[in-house]
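> What follows is the file protein33.cif, containing mmCIF, N, CA and C atoms and all ligand atoms:
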data_target
#
loop_
_atom_site.label_atom_id
_atom_site.label_comp_id
_atom_site.auth_asym_id
_atom_site.auth_seq_id
_atom_site.Cartn_x
_atom_site.Cartn_y
_atom_site.Cartn_z
N MET A 1023 -115.41 -121.66 -15.97
CA MET A 1023 -116.79 -121.75 -15.47
C MET A 1023 -116.99 -120.82 -14.29
N GLN A 1024 -118.14 -120.21 -14.21
CA GLN A 1024 -118.44 -119.23 -13.17
C GLN A 1024 -118.54 -119.90 -11.80
N VAL A 1025 -117.83 -119.36 -10.81
CA VAL A 1025 -117.92 -119.86 -9.44
C VAL A 1025 -118.88 -118.97 -8.67
N ALA A 1026 -119.57 -119.57 -7.69
CA ALA A 1026 -120.58 -118.85 -6.92
C ALA A 1026 -119.97 -117.74 -6.07
N ARG A 1027 -120.82 -116.97 -5.41
CA ARG A 1027 -120.37 -115.96 -4.44
C ARG A 1027 -119.63 -116.64 -3.30
N ILE A 1028 -118.53 -116.05 -2.87
CA ILE A 1028 -117.71 -116.64 -1.81
C ILE A 1028 -117.67 -115.69 -0.61
N VAL A 1029 -117.93 -116.23 0.58
CA VAL A 1029 -117.89 -115.46 1.82
C VAL A 1029 -116.72 -115.97 2.66
N GLU A 1030 -115.71 -115.11 2.89
CA GLU A 1030 -114.56 -115.51 3.71
C GLU A 1030 -114.86 -115.26 5.19
N ASN A 1031 -114.15 -115.98 6.06
CA ASN A 1031 -114.31 -115.82 7.52
C ASN A 1031 -115.76 -115.92 7.96
N SER A 1032 -116.48 -116.85 7.40
CA SER A 1032 -117.90 -117.00 7.70
C SER A 1032 -118.11 -117.63 9.08
N PRO A 1033 -118.97 -117.03 9.91
CA PRO A 1033 -119.27 -117.65 11.22
C PRO A 1033 -119.97 -119.00 11.06
N PHE A 1034 -120.73 -119.19 10.00
CA PHE A 1034 -121.40 -120.48 9.77
C PHE A 1034 -120.36 -121.56 9.46
N ALA A 1035 -119.41 -121.22 8.59
CA ALA A 1035 -118.35 -122.18 8.26
C ALA A 1035 -117.48 -122.45 9.48
N ARG A 1036 -117.33 -121.44 10.34
CA ARG A 1036 -116.54 -121.64 11.55
C ARG A 1036 -117.21 -122.67 12.47
N LEU A 1037 -118.53 -122.59 12.58
CA LEU A 1037 -119.27 -123.57 13.38
C LEU A 1037 -119.09 -124.98 12.80
N ALA A 1038 -119.20 -125.09 11.48
CA ALA A 1038 -119.02 -126.39 10.82
C ALA A 1038 -117.62 -126.92 11.07
N ARG A 1039 -116.64 -125.99 11.06
CA ARG A 1039 -115.25 -126.36 11.29
C ARG A 1039 -115.07 -126.95 12.68
N LEU A 1040 -115.71 -126.33 13.66
CA LEU A 1040 -115.63 -126.85 15.03
C LEU A 1040 -116.27 -128.21 15.10
N LYS A 1041 -117.45 -128.34 14.50
CA LYS A 1041 -118.19 -129.61 14.52
C LYS A 1041 -117.38 -130.72 13.86
N LEU A 1042 -116.73 -130.40 12.74
CA LEU A 1042 -115.97 -131.40 11.97
C LEU A 1042 -114.54 -131.54 12.48
N ALA A 1043 -114.14 -130.67 13.42
CA ALA A 1043 -112.77 -130.66 13.92
C ALA A 1043 -111.78 -130.62 12.75
N ALA A 1044 -112.06 -129.77 11.77
CA ALA A 1044 -111.24 -129.66 10.57
C ALA A 1044 -110.52 -128.30 10.58
N PRO A 1045 -109.29 -128.24 10.07
CA PRO A 1045 -108.56 -126.97 10.07
C PRO A 1045 -109.17 -125.94 9.13
N ASN A 1046 -109.83 -126.40 8.09
CA ASN A 1046 -110.47 -125.46 7.17
C ASN A 1046 -111.70 -126.10 6.56
N VAL A 1047 -112.68 -125.26 6.32
CA VAL A 1047 -113.98 -125.76 5.86
C VAL A 1047 -114.55 -124.82 4.81
N ALA A 1048 -115.20 -125.41 3.81
CA ALA A 1048 -116.06 -124.66 2.90
C ALA A 1048 -117.44 -125.27 3.02
N MET A 1049 -118.46 -124.43 3.13
CA MET A 1049 -119.82 -124.97 3.15
C MET A 1049 -120.72 -124.09 2.32
N VAL A 1050 -121.73 -124.72 1.74
CA VAL A 1050 -122.66 -124.00 0.87
C VAL A 1050 -123.93 -123.68 1.64
N LEU A 1051 -124.34 -122.42 1.54
CA LEU A 1051 -125.65 -122.02 2.03
C LEU A 1051 -126.34 -121.32 0.88
N GLY A 1052 -127.36 -121.96 0.34
CA GLY A 1052 -128.06 -121.39 -0.81
C GLY A 1052 -127.14 -121.34 -2.01
N ARG A 1053 -126.85 -120.11 -2.48
CA ARG A 1053 -126.01 -119.97 -3.67
C ARG A 1053 -124.62 -119.44 -3.32
N SER A 1054 -124.26 -119.46 -2.03
CA SER A 1054 -122.97 -118.92 -1.60
C SER A 1054 -122.10 -120.00 -0.99
N ILE A 1055 -120.79 -119.86 -1.18
CA ILE A 1055 -119.82 -120.75 -0.56
C ILE A 1055 -119.18 -120.00 0.61
N HIS A 1056 -119.35 -120.55 1.82
CA HIS A 1056 -118.81 -119.93 3.03
C HIS A 1056 -117.52 -120.63 3.43
N LEU A 1057 -116.49 -119.83 3.74
CA LEU A 1057 -115.18 -120.38 4.07
C LEU A 1057 -114.79 -120.04 5.51
N SER A 1058 -114.05 -120.96 6.14
CA SER A 1058 -113.40 -120.68 7.42
C SER A 1058 -112.06 -121.40 7.44
N GLY A 1059 -111.01 -120.68 7.84
CA GLY A 1059 -109.68 -121.27 7.92
C GLY A 1059 -109.01 -121.40 6.57
N VAL A 1060 -109.60 -120.84 5.55
CA VAL A 1060 -109.02 -120.89 4.20
C VAL A 1060 -109.43 -119.60 3.48
N THR A 1061 -108.49 -119.03 2.72
CA THR A 1061 -108.82 -117.82 1.98
C THR A 1061 -109.48 -118.19 0.66
N ARG A 1062 -110.10 -117.19 0.07
CA ARG A 1062 -110.72 -117.36 -1.25
C ARG A 1062 -109.69 -117.89 -2.26
N GLU A 1063 -108.47 -117.32 -2.24
CA GLU A 1063 -107.44 -117.71 -3.20
C GLU A 1063 -107.03 -119.17 -2.99
N GLN A 1064 -106.84 -119.56 -1.72
CA GLN A 1064 -106.46 -120.96 -1.44
C GLN A 1064 -107.55 -121.91 -1.91
N PHE A 1065 -108.79 -121.54 -1.63
CA PHE A 1065 -109.93 -122.38 -2.03
C PHE A 1065 -109.98 -122.54 -3.54
N LEU A 1066 -109.86 -121.42 -4.25
CA LEU A 1066 -109.99 -121.45 -5.72
C LEU A 1066 -108.83 -122.18 -6.39
N ARG A 1067 -107.73 -122.37 -5.66
CA ARG A 1067 -106.58 -123.07 -6.22
C ARG A 1067 -106.80 -124.59 -6.24
N ASP A 1068 -107.85 -125.08 -5.59
CA ASP A 1068 -108.13 -126.53 -5.57
C ASP A 1068 -109.41 -126.80 -6.36
N PRO A 1069 -109.28 -127.10 -7.66
CA PRO A 1069 -110.47 -127.24 -8.50
C PRO A 1069 -111.36 -128.41 -8.08
N PHE A 1070 -110.79 -129.42 -7.41
CA PHE A 1070 -111.61 -130.52 -6.92
C PHE A 1070 -112.54 -130.01 -5.80
N TRP A 1071 -111.97 -129.17 -4.94
CA TRP A 1071 -112.75 -128.62 -3.84
C TRP A 1071 -113.86 -127.71 -4.38
N VAL A 1072 -113.50 -126.87 -5.36
CA VAL A 1072 -114.50 -125.97 -5.95
C VAL A 1072 -115.63 -126.78 -6.58
N ALA A 1073 -115.26 -127.81 -7.34
CA ALA A 1073 -116.28 -128.63 -8.02
C ALA A 1073 -117.18 -129.33 -7.00
N HIS A 1074 -116.60 -129.74 -5.87
CA HIS A 1074 -117.37 -130.37 -4.79
C HIS A 1074 -118.43 -129.39 -4.27
N GLU A 1075 -118.01 -128.16 -3.98
CA GLU A 1075 -118.96 -127.19 -3.42
C GLU A 1075 -119.99 -126.75 -4.47
N MET A 1076 -119.57 -126.70 -5.74
CA MET A 1076 -120.53 -126.34 -6.79
C MET A 1076 -121.62 -127.39 -6.91
N GLU A 1077 -121.28 -128.65 -6.63
CA GLU A 1077 -122.30 -129.71 -6.63
C GLU A 1077 -123.29 -129.48 -5.49
N HIS A 1078 -122.82 -129.03 -4.33
CA HIS A 1078 -123.76 -128.73 -3.24
C HIS A 1078 -124.69 -127.57 -3.63
N ILE A 1079 -124.18 -126.62 -4.40
CA ILE A 1079 -125.04 -125.53 -4.86
C ILE A 1079 -126.13 -126.08 -5.78
N ARG A 1080 -125.74 -127.01 -6.64
CA ARG A 1080 -126.73 -127.64 -7.52
C ARG A 1080 -127.77 -128.40 -6.69
N GLN A 1081 -127.31 -129.09 -5.64
CA GLN A 1081 -128.25 -129.82 -4.77
C GLN A 1081 -129.22 -128.84 -4.08
N PHE A 1082 -128.69 -127.72 -3.61
CA PHE A 1082 -129.55 -126.69 -2.99
C PHE A 1082 -130.61 -126.23 -4.00
N GLU A 1083 -130.19 -126.04 -5.25
CA GLU A 1083 -131.14 -125.59 -6.27
C GLU A 1083 -132.18 -126.65 -6.54
N GLN A 1084 -131.77 -127.91 -6.51
CA GLN A 1084 -132.71 -129.00 -6.80
C GLN A 1084 -133.73 -129.18 -5.68
N TYR A 1085 -133.28 -129.11 -4.43
CA TYR A 1085 -134.17 -129.46 -3.31
C TYR A 1085 -134.69 -128.25 -2.53
N GLY A 1086 -134.13 -127.07 -2.78
CA GLY A 1086 -134.51 -125.90 -2.00
C GLY A 1086 -133.74 -125.90 -0.69
N ARG A 1087 -133.67 -124.72 -0.05
CA ARG A 1087 -132.86 -124.59 1.18
C ARG A 1087 -133.31 -125.58 2.24
N LEU A 1088 -134.59 -125.57 2.54
CA LEU A 1088 -135.10 -126.43 3.61
C LEU A 1088 -134.98 -127.90 3.21
N GLY A 1089 -135.38 -128.21 1.99
CA GLY A 1089 -135.31 -129.59 1.51
C GLY A 1089 -133.89 -130.12 1.56
N PHE A 1090 -132.93 -129.26 1.20
CA PHE A 1090 -131.52 -129.69 1.25
C PHE A 1090 -131.10 -129.93 2.69
N LEU A 1091 -131.37 -128.95 3.56
CA LEU A 1091 -130.88 -129.05 4.94
C LEU A 1091 -131.49 -130.24 5.67
N VAL A 1092 -132.78 -130.46 5.48
CA VAL A 1092 -133.44 -131.59 6.15
C VAL A 1092 -132.82 -132.91 5.68
N ARG A 1093 -132.67 -133.06 4.36
CA ARG A 1093 -132.08 -134.30 3.83
C ARG A 1093 -130.63 -134.46 4.28
N TYR A 1094 -129.90 -133.33 4.32
CA TYR A 1094 -128.49 -133.38 4.70
C TYR A 1094 -128.34 -133.85 6.15
N LEU A 1095 -129.11 -133.23 7.04
CA LEU A 1095 -128.99 -133.56 8.47
C LEU A 1095 -129.51 -134.97 8.74
N TRP A 1096 -130.58 -135.33 8.05
CA TRP A 1096 -131.10 -136.69 8.18
C TRP A 1096 -130.06 -137.71 7.71
N GLY A 1097 -129.42 -137.42 6.58
CA GLY A 1097 -128.38 -138.30 6.06
C GLY A 1097 -127.21 -138.41 7.02
N TRP A 1098 -126.87 -137.30 7.67
CA TRP A 1098 -125.77 -137.29 8.63
C TRP A 1098 -126.10 -138.20 9.82
N ALA A 1099 -127.32 -138.00 10.38
CA ALA A 1099 -127.74 -138.79 11.54
C ALA A 1099 -127.77 -140.27 11.19
N ARG A 1100 -128.19 -140.57 9.99
CA ARG A 1100 -128.40 -141.95 9.60
C ARG A 1100 -127.13 -142.66 9.16
N HIS A 1101 -126.28 -141.96 8.39
CA HIS A 1101 -125.12 -142.62 7.75
C HIS A 1101 -123.77 -142.16 8.27
N GLY A 1102 -123.72 -141.05 9.02
CA GLY A 1102 -122.43 -140.44 9.36
C GLY A 1102 -122.02 -139.49 8.26
N TYR A 1103 -121.23 -138.48 8.62
CA TYR A 1103 -120.90 -137.39 7.69
C TYR A 1103 -120.38 -137.90 6.34
N TYR A 1104 -119.39 -138.78 6.38
CA TYR A 1104 -118.71 -139.17 5.13
C TYR A 1104 -119.66 -139.84 4.14
N HIS A 1105 -120.68 -140.49 4.66
CA HIS A 1105 -121.60 -141.26 3.81
C HIS A 1105 -122.94 -140.57 3.57
N ILE A 1106 -123.06 -139.30 3.97
CA ILE A 1106 -124.26 -138.55 3.61
C ILE A 1106 -124.40 -138.61 2.09
N PRO A 1107 -125.57 -139.01 1.57
CA PRO A 1107 -125.70 -139.13 0.11
C PRO A 1107 -125.26 -137.87 -0.65
N PHE A 1108 -125.57 -136.68 -0.13
CA PHE A 1108 -125.14 -135.44 -0.79
C PHE A 1108 -123.61 -135.33 -0.82
N GLU A 1109 -122.93 -135.85 0.20
CA GLU A 1109 -121.46 -135.78 0.22
C GLU A 1109 -120.87 -136.80 -0.76
N VAL A 1110 -121.46 -137.99 -0.81
CA VAL A 1110 -120.99 -139.00 -1.75
C VAL A 1110 -121.10 -138.45 -3.17
N GLN A 1111 -122.25 -137.81 -3.44
CA GLN A 1111 -122.52 -137.23 -4.76
C GLN A 1111 -121.52 -136.10 -5.06
N ALA A 1112 -121.24 -135.28 -4.05
CA ALA A 1112 -120.34 -134.14 -4.25
C ALA A 1112 -118.90 -134.62 -4.49
N ARG A 1113 -118.49 -135.71 -3.82
CA ARG A 1113 -117.14 -136.23 -4.06
C ARG A 1113 -117.03 -136.78 -5.48
N ALA A 1114 -118.09 -137.42 -5.96
CA ALA A 1114 -118.08 -137.93 -7.35
C ALA A 1114 -118.04 -136.76 -8.33
N ALA A 1115 -118.81 -135.70 -8.03
CA ALA A 1115 -118.84 -134.53 -8.91
C ALA A 1115 -117.47 -133.86 -8.95
N ALA A 1116 -116.74 -133.88 -7.83
CA ALA A 1116 -115.41 -133.27 -7.79
C ALA A 1116 -114.50 -133.95 -8.80
N GLU A 1117 -114.53 -135.28 -8.83
CA GLU A 1117 -113.68 -136.01 -9.78
C GLU A 1117 -114.11 -135.72 -11.21
N ARG A 1118 -115.41 -135.62 -11.42
CA ARG A 1118 -115.97 -135.45 -12.77
C ARG A 1118 -115.74 -134.03 -13.30
N ASP A 1119 -115.90 -133.02 -12.41
CA ASP A 1119 -115.99 -131.62 -12.87
C ASP A 1119 -114.77 -130.76 -12.60
N ALA A 1120 -113.78 -131.28 -11.87
CA ALA A 1120 -112.64 -130.43 -11.47
C ALA A 1120 -112.02 -129.71 -12.67
N HIS A 1121 -111.97 -130.38 -13.80
CA HIS A 1121 -111.30 -129.77 -14.96
C HIS A 1121 -111.95 -128.46 -15.41
N HIS A 1122 -113.21 -128.23 -14.99
CA HIS A 1122 -113.87 -126.95 -15.33
C HIS A 1122 -113.29 -125.78 -14.53
N TYR A 1123 -112.61 -126.07 -13.42
CA TYR A 1123 -112.23 -125.01 -12.47
C TYR A 1123 -110.72 -124.86 -12.31
N THR A 1124 -109.94 -125.36 -13.27
CA THR A 1124 -108.48 -125.33 -13.13
C THR A 1124 -107.88 -123.96 -13.42
N GLN A 1125 -108.64 -123.08 -14.08
CA GLN A 1125 -108.13 -121.75 -14.45
C GLN A 1125 -106.79 -121.86 -15.18
N GLY A 1126 -106.69 -122.86 -16.04
CA GLY A 1126 -105.50 -122.99 -16.88
C GLY A 1126 -104.32 -123.67 -16.22
N ARG A 1127 -104.44 -124.01 -14.92
CA ARG A 1127 -103.33 -124.69 -14.23
C ARG A 1127 -103.54 -126.19 -14.30
N PRO A 1128 -102.46 -126.98 -14.09
CA PRO A 1128 -102.65 -128.43 -14.03
C PRO A 1128 -103.47 -128.82 -12.80
N LEU A 1129 -104.15 -129.95 -12.87
CA LEU A 1129 -104.91 -130.43 -11.71
C LEU A 1129 -103.94 -130.71 -10.56
N PRO A 1130 -104.34 -130.37 -9.33
CA PRO A 1130 -103.45 -130.65 -8.19
C PRO A 1130 -103.29 -132.15 -7.97
N THR A 1131 -102.18 -132.54 -7.38
CA THR A 1131 -101.94 -133.96 -7.05
C THR A 1131 -102.78 -134.32 -5.83
N ALA A 1132 -102.85 -135.62 -5.56
CA ALA A 1132 -103.61 -136.09 -4.39
C ALA A 1132 -103.13 -135.40 -3.12
N ALA A 1133 -101.81 -135.22 -3.00
CA ALA A 1133 -101.24 -134.61 -1.79
C ALA A 1133 -101.60 -133.14 -1.66
N GLU A 1134 -101.83 -132.48 -2.80
CA GLU A 1134 -102.13 -131.04 -2.78
C GLU A 1134 -103.61 -130.77 -2.56
N ARG A 1135 -104.43 -131.79 -2.69
CA ARG A 1135 -105.87 -131.58 -2.59
C ARG A 1135 -106.36 -131.46 -1.17
N HIS A 1136 -107.42 -130.71 -1.00
CA HIS A 1136 -108.07 -130.60 0.32
C HIS A 1136 -108.73 -131.94 0.66
N PRO A 1137 -108.42 -132.53 1.81
CA PRO A 1137 -109.04 -133.81 2.17
C PRO A 1137 -110.45 -133.63 2.71
N SER A 1138 -111.32 -134.59 2.46
CA SER A 1138 -112.66 -134.58 3.06
C SER A 1138 -112.52 -134.90 4.56
N PRO A 1139 -113.24 -134.15 5.42
CA PRO A 1139 -113.18 -134.47 6.86
C PRO A 1139 -113.64 -135.90 7.12
N LYS A 1140 -112.91 -136.59 7.99
CA LYS A 1140 -113.25 -137.99 8.30
C LYS A 1140 -113.88 -138.06 9.68
N VAL A 1141 -115.08 -137.58 9.82
CA VAL A 1141 -115.78 -137.64 11.11
C VAL A 1141 -117.05 -138.47 10.94
N ARG A 1142 -117.70 -138.74 12.08
CA ARG A 1142 -118.99 -139.40 11.98
C ARG A 1142 -120.12 -138.41 12.14
ZN ZN A 1201 -119.44 -131.55 0.90
#
Just give me the structure of the file as structure tokens.
Ligand SMILES: [Zn+2]

Amino acid sequence: MQVARIVENSPFARLARLKLAAPNVAMVLGRSIHLSGVTREQFLRDPFWVAHEMEHIRQFEQYGRLGFLVRYLWGWARHGYYHIPFEVQARAAAERDAHHYTQGRPLPTAAERHPSPKVR
């Protein structure tokens, strides 16, 4: 399955990384996946992570840039990062869709997968 445009060393993802206090971050802006602290190759090796970000791209398409960002930030303020409805949806999509992004390799184990940041 086709993966979106990927931007490495993104200043936007770096800001998100600082905010989330996470060693590496992928974030979607419009139709692009922005990375910080992780290379394109490392990111693409985790099909669960790719499927998660592809779901955010679908959400952006559904709600539009502004509609997505407003709902995302509102959800964050109201529920905390982990329980933002878009994040809950993206975690479910990761489990459902990861097999589309394995590139012929076996699915990574729980220990090999990128963990979701646990912040509020
Ligand atoms: Zn997410």
> Calculated over only C-alpha atoms and all ligand atoms, which of the candidates A:Ala1112, A:Leu1037, A:Leu1042, A:Leu1088 has the smallest distance to ligand ZN 1201 (chain A)?
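Counting only C-alpha atoms and all ligand atoms, the residue closest to ligand ZN 1201 (chain A) is A:Ala1112.
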> Smallest atom-to-atom distance to Leu1040 of chain A: which of A:Pro1139, A:Arg1067, A:Ile1028, A:Leu1091, using only C-alpha atoms?
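Selected residue with least distance to Leu1040 of chain A: A:Pro1139.
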> Taking a cut-off of 8 Å and counting all atoms listed in the file, can you build a table that, for each residue of chain A near ligand ZN 1201 (chain A), reports the nearest atom pair and how far apart they are in Å (one decimal), sorted by chain then residue number, as JSON lines?

{"residue": "A:Ala1048", "atom": "C", "partner": "A:ZN1201", "partner_atom": "ZN", "distance": 6.9}
{"residue": "A:Met1049", "atom": "CA", "partner": "A:ZN1201", "partner_atom": "ZN", "distance": 7.0}
{"residue": "A:Val1050", "atom": "N", "partner": "A:ZN1201", "partner_atom": "ZN", "distance": 7.3}
{"residue": "A:His1074", "atom": "C", "partner": "A:ZN1201", "partner_atom": "ZN", "distance": 5.7}
{"residue": "A:Glu1075", "atom": "N", "partner": "A:ZN1201", "partner_atom": "ZN", "distance": 6.1}
{"residue": "A:Glu1077", "atom": "C", "partner": "A:ZN1201", "partner_atom": "ZN", "distance": 7.7}
{"residue": "A:His1078", "atom": "CA", "partner": "A:ZN1201", "partner_atom": "ZN", "distance": 6.6}
{"residue": "A:Phe1108", "atom": "C", "partner": "A:ZN1201", "partner_atom": "ZN", "distance": 5.9}
{"residue": "A:Glu1109", "atom": "CA", "partner": "A:ZN1201", "partner_atom": "ZN", "distance": 4.7}
{"residue": "A:Val1110", "atom": "N", "partner": "A:ZN1201", "partner_atom": "ZN", "distance": 7.0}
{"residue": "A:Gln1111", "atom": "C", "partner": "A:ZN1201", "partner_atom": "ZN", "distance": 7.8}
{"residue": "A:Ala1112", "atom": "CA", "partner": "A:ZN1201", "partner_atom": "ZN", "distance": 5.8}
{"residue": "A:Arg1113", "atom": "N", "partner": "A:ZN1201", "partner_atom": "ZN", "distance": 6.4}
{"residue": "A:Ser1138", "atom": "CA", "partner": "A:ZN1201", "partner_atom": "ZN", "distance": 7.7}
> Please produce an output containing N, CA and C atoms for each residue in the selection, written as a PDB file, in the coordinates of the input.

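Contents of the output file again02.pdb:
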ATOM      1  N   ALA A1048    -115.200-125.410   3.810  1.00  0.00           N
ATOM      2  CA  ALA A1048    -116.060-124.660   2.900  1.00  0.00           C
ATOM      3  C   ALA A1048    -117.440-125.270   3.020  1.00  0.00           C
ATOM      4  N   MET A1049    -118.460-124.430   3.130  1.00  0.00           N
ATOM      5  CA  MET A1049    -119.820-124.970   3.150  1.00  0.00           C
ATOM      6  C   MET A1049    -120.720-124.090   2.320  1.00  0.00           C
ATOM      7  N   VAL A1050    -121.730-124.720   1.740  1.00  0.00           N
ATOM      8  CA  VAL A1050    -122.660-124.000   0.870  1.00  0.00           C
ATOM      9  C   VAL A1050    -123.930-123.680   1.640  1.00  0.00           C
ATOM     10  N   HIS A1074    -116.600-129.740  -5.870  1.00  0.00           N
ATOM     11  CA  HIS A1074    -117.370-130.370  -4.790  1.00  0.00           C
ATOM     12  C   HIS A1074    -118.430-129.390  -4.270  1.00  0.00           C
ATOM     13  N   GLU A1075    -118.010-128.160  -3.980  1.00  0.00           N
ATOM     14  CA  GLU A1075    -118.960-127.190  -3.420  1.00  0.00           C
ATOM     15  C   GLU A1075    -119.990-126.750  -4.470  1.00  0.00           C
ATOM     16  N   GLU A1077    -121.280-128.650  -6.630  1.00  0.00           N
ATOM     17  CA  GLU A1077    -122.300-129.710  -6.630  1.00  0.00           C
ATOM     18  C   GLU A1077    -123.290-129.480  -5.490  1.00  0.00           C
ATOM     19  N   HIS A1078    -122.820-129.030  -4.330  1.00  0.00           N
ATOM     20  CA  HIS A1078    -123.760-128.730  -3.240  1.00  0.00           C
ATOM     21  C   HIS A1078    -124.690-127.570  -3.630  1.00  0.00           C
ATOM     22  N   PHE A1108    -125.570-136.680  -0.130  1.00  0.00           N
ATOM     23  CA  PHE A1108    -125.140-135.440  -0.790  1.00  0.00           C
ATOM     24  C   PHE A1108    -123.610-135.330  -0.820  1.00  0.00           C
ATOM     25  N   GLU A1109    -122.930-135.850   0.200  1.00  0.00           N
ATOM     26  CA  GLU A1109    -121.460-135.780   0.220  1.00  0.00           C
ATOM     27  C   GLU A1109    -120.870-136.800  -0.760  1.00  0.00           C
ATOM     28  N   VAL A1110    -121.460-137.990  -0.810  1.00  0.00           N
ATOM     29  CA  VAL A1110    -120.990-139.000  -1.750  1.00  0.00           C
ATOM     30  C   VAL A1110    -121.100-138.450  -3.170  1.00  0.00           C
ATOM     31  N   GLN A1111    -122.250-137.810  -3.440  1.00  0.00           N
ATOM     32  CA  GLN A1111    -122.520-137.230  -4.760  1.00  0.00           C
ATOM     33  C   GLN A1111    -121.520-136.100  -5.060  1.00  0.00           C
ATOM     34  N   ALA A1112    -121.240-135.280  -4.050  1.00  0.00           N
ATOM     35  CA  ALA A1112    -120.340-134.140  -4.250  1.00  0.00           C
ATOM     36  C   ALA A1112    -118.900-134.620  -4.490  1.00  0.00           C
ATOM     37  N   ARG A1113    -118.490-135.710  -3.820  1.00  0.00           N
ATOM     38  CA  ARG A1113    -117.140-136.230  -4.060  1.00  0.00           C
ATOM     39  C   ARG A1113    -117.030-136.780  -5.480  1.00  0.00           C
ATOM     40  N   SER A1138    -111.320-134.590   2.460  1.00  0.00           N
ATOM     41  CA  SER A1138    -112.660-134.580   3.060  1.00  0.00           C
ATOM     42  C   SER A1138    -112.520-134.900   4.560  1.00  0.00           C
TER      43      SER A1138
END
> Quick one: contact table of segment 1031-1072 of chain A to segment 1118-1135 of chain A, 8 Å max, nearest atom pair and distance in Å to one decimal per residue, counting only N, CA and C atoms, chain and number order, as JSON lines?

{"residue": "A:Leu1066", "atom": "C", "partner": "A:Tyr1123", "partner_atom": "C", "distance": 6.8}
{"residue": "A:Arg1067", "atom": "C", "partner": "A:Pro1130", "partner_atom": "N", "distance": 7.0}
{"residue": "A:Asp1068", "atom": "CA", "partner": "A:Arg1135", "partner_atom": "CA", "distance": 6.3}
{"residue": "A:Pro1069", "atom": "C", "partner": "A:Ala1120", "partner_atom": "CA", "distance": 4.1}
{"residue": "A:Phe1070", "atom": "N", "partner": "A:Ala1120", "partner_atom": "CA", "distance": 4.6}
{"residue": "A:Trp1071", "atom": "N", "partner": "A:Ala1120", "partner_atom": "CA", "distance": 6.7}
{"residue": "A:Val1072", "atom": "C", "partner": "A:Ala1120", "partner_atom": "CA", "distance": 6.8}
> Considering all atoms listed in the file, return as a PDB file with N, CA and C atoms, in the coordinates of the input whatever protein or nucleic-acid residues lie within 7 Å of Pro1045 of chain A, sequence-local ones (same chain, fewer than 4 positions apart) excluded.

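Wrote selection16.pdb, looks like this:
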ATOM      1  N   ARG A1039    -116.640-125.990  11.060  1.00  0.00           N
ATOM      2  CA  ARG A1039    -115.250-126.360  11.290  1.00  0.00           C
ATOM      3  C   ARG A1039    -115.070-126.950  12.680  1.00  0.00           C
ATOM      4  N   SER A1058    -114.050-120.960   6.140  1.00  0.00           N
ATOM      5  CA  SER A1058    -113.400-120.680   7.420  1.00  0.00           C
ATOM      6  C   SER A1058    -112.060-121.400   7.440  1.00  0.00           C
ATOM      7  N   GLY A1059    -111.010-120.680   7.840  1.00  0.00           N
ATOM      8  CA  GLY A1059    -109.680-121.270   7.920  1.00  0.00           C
ATOM      9  C   GLY A1059    -109.010-121.400   6.570  1.00  0.00           C
ATOM     10  N   VAL A1060    -109.600-120.840   5.550  1.00  0.00           N
ATOM     11  CA  VAL A1060    -109.020-120.890   4.200  1.00  0.00           C
ATOM     12  C   VAL A1060    -109.430-119.600   3.480  1.00  0.00           C
TER      13      VAL A1060
END
> Enter the distance from atom N of Asn1031 of chain A to atom CA of Glu1063 of chain A, in Å, rounded to one decimal.
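So the answer is 11.6 Å.
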